[in-house]
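*Asks:* Pasting a structure below so you can have a look.
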Amino acid sequence: MAQFATGVTVLTAGGEDAHGMTANAFSSVSLEPPMVLCCVSKAARMHTAIVTAGSFGVNILAADQQDTSKYFADWRRPDGMAQFEAVGYTPGSRTGAPLLHGALAWLECELAQVVAGGDHSIFLGRVVATSRGTGEDALVFYSGSYHHIDGKARAA
């Protein structure tokens with residue numbers, strides 16, 4: 001799967017098991033109603049956080065947020081809400097999920113369904129709120145490393 005380029009997100013959940021996790025297993029599912037999916041290992045702390053909260057946030061990272069991606073992939077960071085202090089966040093107005101400062105876009109999702117997928121769960125989220133940042137360039141993961149996508153349109 002390393003040959004498949006993906007955007008980079010940080011999934012977040014608020015509440016008593018607040019947690020964040022870097023993820024690239026994320027996709028749009030439906031426009032009507034608006035739904036997305038993310039895949040999370042059943043052994044991950046994020047799995048419990050999403051199930052407990054019944055909701056999650058998706059932070060679509062900008063090109064300059066490689067350090068943020070690495071931070072939320074590191075299991076040594078603080079637990080609970082303390083882990084978000086290092087990057088700055090705003091609680092989502094609909095779910096309370098931490099929405100990270102500087103992201104390209106944010107989605108707040110209510111957990112609609114959980115589907116078993118081997119050692120992972122596929123979380124289907126109903127999008128209840130969205131917002132967009134001011135950045136244009138995206139962070140991408142491909143072939144084991146980070147890359148940047150310039151958001152400027154080009155003529156064909």
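Chains: A, B, ... in order of the structure tokens. Residues: from 1 per chain. Ligands: from 1, in order shown.
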Need the shell around Ala86 in chain A: protein/DNA/RNA residues with any atom at most 10 Å away, counting only C-alpha atoms. Skip same-chain ones fewer than 2 positions apart. Format as a PyMOL selection string?
*Replies:* chain A and resi 68+71+77-78+82-84+88-89
*Asks:* Keeping only N, CA, C and O atoms, take the residues you just selected and write them out as a CSV table (one decimal), in the first residue's frame.
*Replies:*
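Now in out.csv:
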```
chain,number,residue,atom,x,y,z
A,68,THR,N,3.2,17.9,13.3
A,68,THR,CA,2.0,17.6,14.0
A,68,THR,C,1.6,16.1,13.7
A,68,THR,O,1.2,15.4,14.6
A,71,TYR,N,3.9,13.9,15.7
A,71,TYR,CA,3.6,14.0,17.1
A,71,TYR,C,2.4,13.1,17.5
A,71,TYR,O,2.4,12.4,18.5
A,77,ARG,N,3.6,10.7,23.7
A,77,ARG,CA,3.0,12.1,24.0
A,77,ARG,C,2.0,11.9,25.2
A,77,ARG,O,1.7,10.8,25.6
A,78,PRO,N,1.7,13.0,25.9
A,78,PRO,CA,0.8,12.9,27.0
A,78,PRO,C,-0.6,12.3,26.7
A,78,PRO,O,-1.0,12.3,25.6
A,82,ALA,N,-4.3,16.8,27.6
A,82,ALA,CA,-2.9,17.4,27.7
A,82,ALA,C,-2.2,17.3,26.3
A,82,ALA,O,-1.4,18.1,26.0
A,83,GLN,N,-2.4,16.2,25.6
A,83,GLN,CA,-1.7,16.0,24.3
A,83,GLN,C,-2.0,17.1,23.3
A,83,GLN,O,-1.2,17.3,22.4
A,84,PHE,N,-3.1,17.8,23.4
A,84,PHE,CA,-3.5,18.8,22.4
A,84,PHE,C,-2.9,20.2,22.7
A,84,PHE,O,-2.9,21.0,21.9
A,88,GLY,N,-2.2,23.2,19.9
A,88,GLY,CA,-3.2,24.2,19.9
A,88,GLY,C,-4.5,23.6,19.2
A,88,GLY,O,-4.4,22.9,18.2
A,89,TYR,N,-5.6,23.9,19.8
A,89,TYR,CA,-6.9,23.4,19.3
A,89,TYR,C,-8.0,24.2,19.7
A,89,TYR,O,-7.9,25.0,20.7
```
*Asks:* Env of Ser131 in chain A: 8 Å cut, atoms = only C-alpha atoms, seq-sep filter 4 positions within chain, self excluded. Answer as a list in words.
*Replies:*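 Result of the neighbour search: Ala105, Trp106 and Leu107 of chain A.
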*Asks:* Would you mind reading off the distance between CA of Phe56 in chain A and CA of Gly125 in chain A, one decimal, in Å?
*Replies:*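 CA of Phe56 in chain A sits 7.8 Å away from CA of Gly125 in chain A.
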*Asks:* List as a Markdown table every residue of range 43-104 of chain A that is in contact with range 146-151 of chain A, defined as an atom at most 9 Å from one of its atoms (using only C-alpha atoms), together with the nearest atom pair and the distance in Å rounded to one decimal, sorted by chain and then rising number.
*Replies:*
```
| residue | atom | partner | partner_atom | distance |
| --- | --- | --- | --- | --- |
| A:Ala62 | CA | A:His148 | CA | 8.4 |
| A:Ala63 | CA | A:His148 | CA | 5.3 |
| A:Asp64 | CA | A:His148 | CA | 8.4 |
| A:Gln66 | CA | A:Tyr146 | CA | 7.3 |
```
*Asks:* With N, CA and C atoms retained, export the selected residues as a PDB file, in the first residue's frame.
*Replies:*
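Writing done, so here's out.pdb:
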```pdb
ATOM      1  N   ALA A  62      -2.269  20.425   6.720  1.00  0.00           N
ATOM      2  CA  ALA A  62      -1.620  21.281   5.732  1.00  0.00           C
ATOM      3  C   ALA A  62      -0.172  20.827   5.543  1.00  0.00           C
ATOM      4  N   ALA A  63       0.437  21.289   4.449  1.00  0.00           N
ATOM      5  CA  ALA A  63       1.796  20.891   4.101  1.00  0.00           C
ATOM      6  C   ALA A  63       2.807  21.188   5.199  1.00  0.00           C
ATOM      7  N   ASP A  64       2.588  22.232   5.978  1.00  0.00           N
ATOM      8  CA  ASP A  64       3.548  22.605   7.025  1.00  0.00           C
ATOM      9  C   ASP A  64       3.277  21.905   8.363  1.00  0.00           C
ATOM     10  N   GLN A  66       3.796  18.569   9.107  1.00  0.00           N
ATOM     11  CA  GLN A  66       4.476  17.276   9.217  1.00  0.00           C
ATOM     12  C   GLN A  66       4.820  16.961  10.667  1.00  0.00           C
TER      13      GLN A  66
END
```
*Asks:* Between A:Leu111, A:Cys39, A:Val29, A:Ala5, which is the closest to Thr52 in chain A once you count only C-alpha atoms?
*Replies:*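 Using only C-alpha atoms, the shortest distance to Thr52 in chain A belongs to A:Leu111.
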*Asks:* Could you give me the residues within chain A that DSSP places in strand (DSSP E), as number ranges by chain?
*Replies:* A: 6-7, 9-13, 19-23, 26-31, 34-41, 55-60, 89-91, 98-100, 105-117, 120-132, 138-142, 145-149
*Asks:* So which bits of chain A end up helix (DSSP H, G or I) when you DSSP the backbone, as a ChimeraX atom specification?
*Replies:* /A:45-53,66-73,80-84
*Asks:* Just want the 9 Å neighbourhood of His47 in chain A, counted on only C-alpha atoms, with same-chain residues fewer than 6 positions away dropped. Output as a list of chain:residue names.
*Replies:*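 Here the qualifying residues turn out to be A:Val40, A:Ser41, A:His120, A:Ser121.
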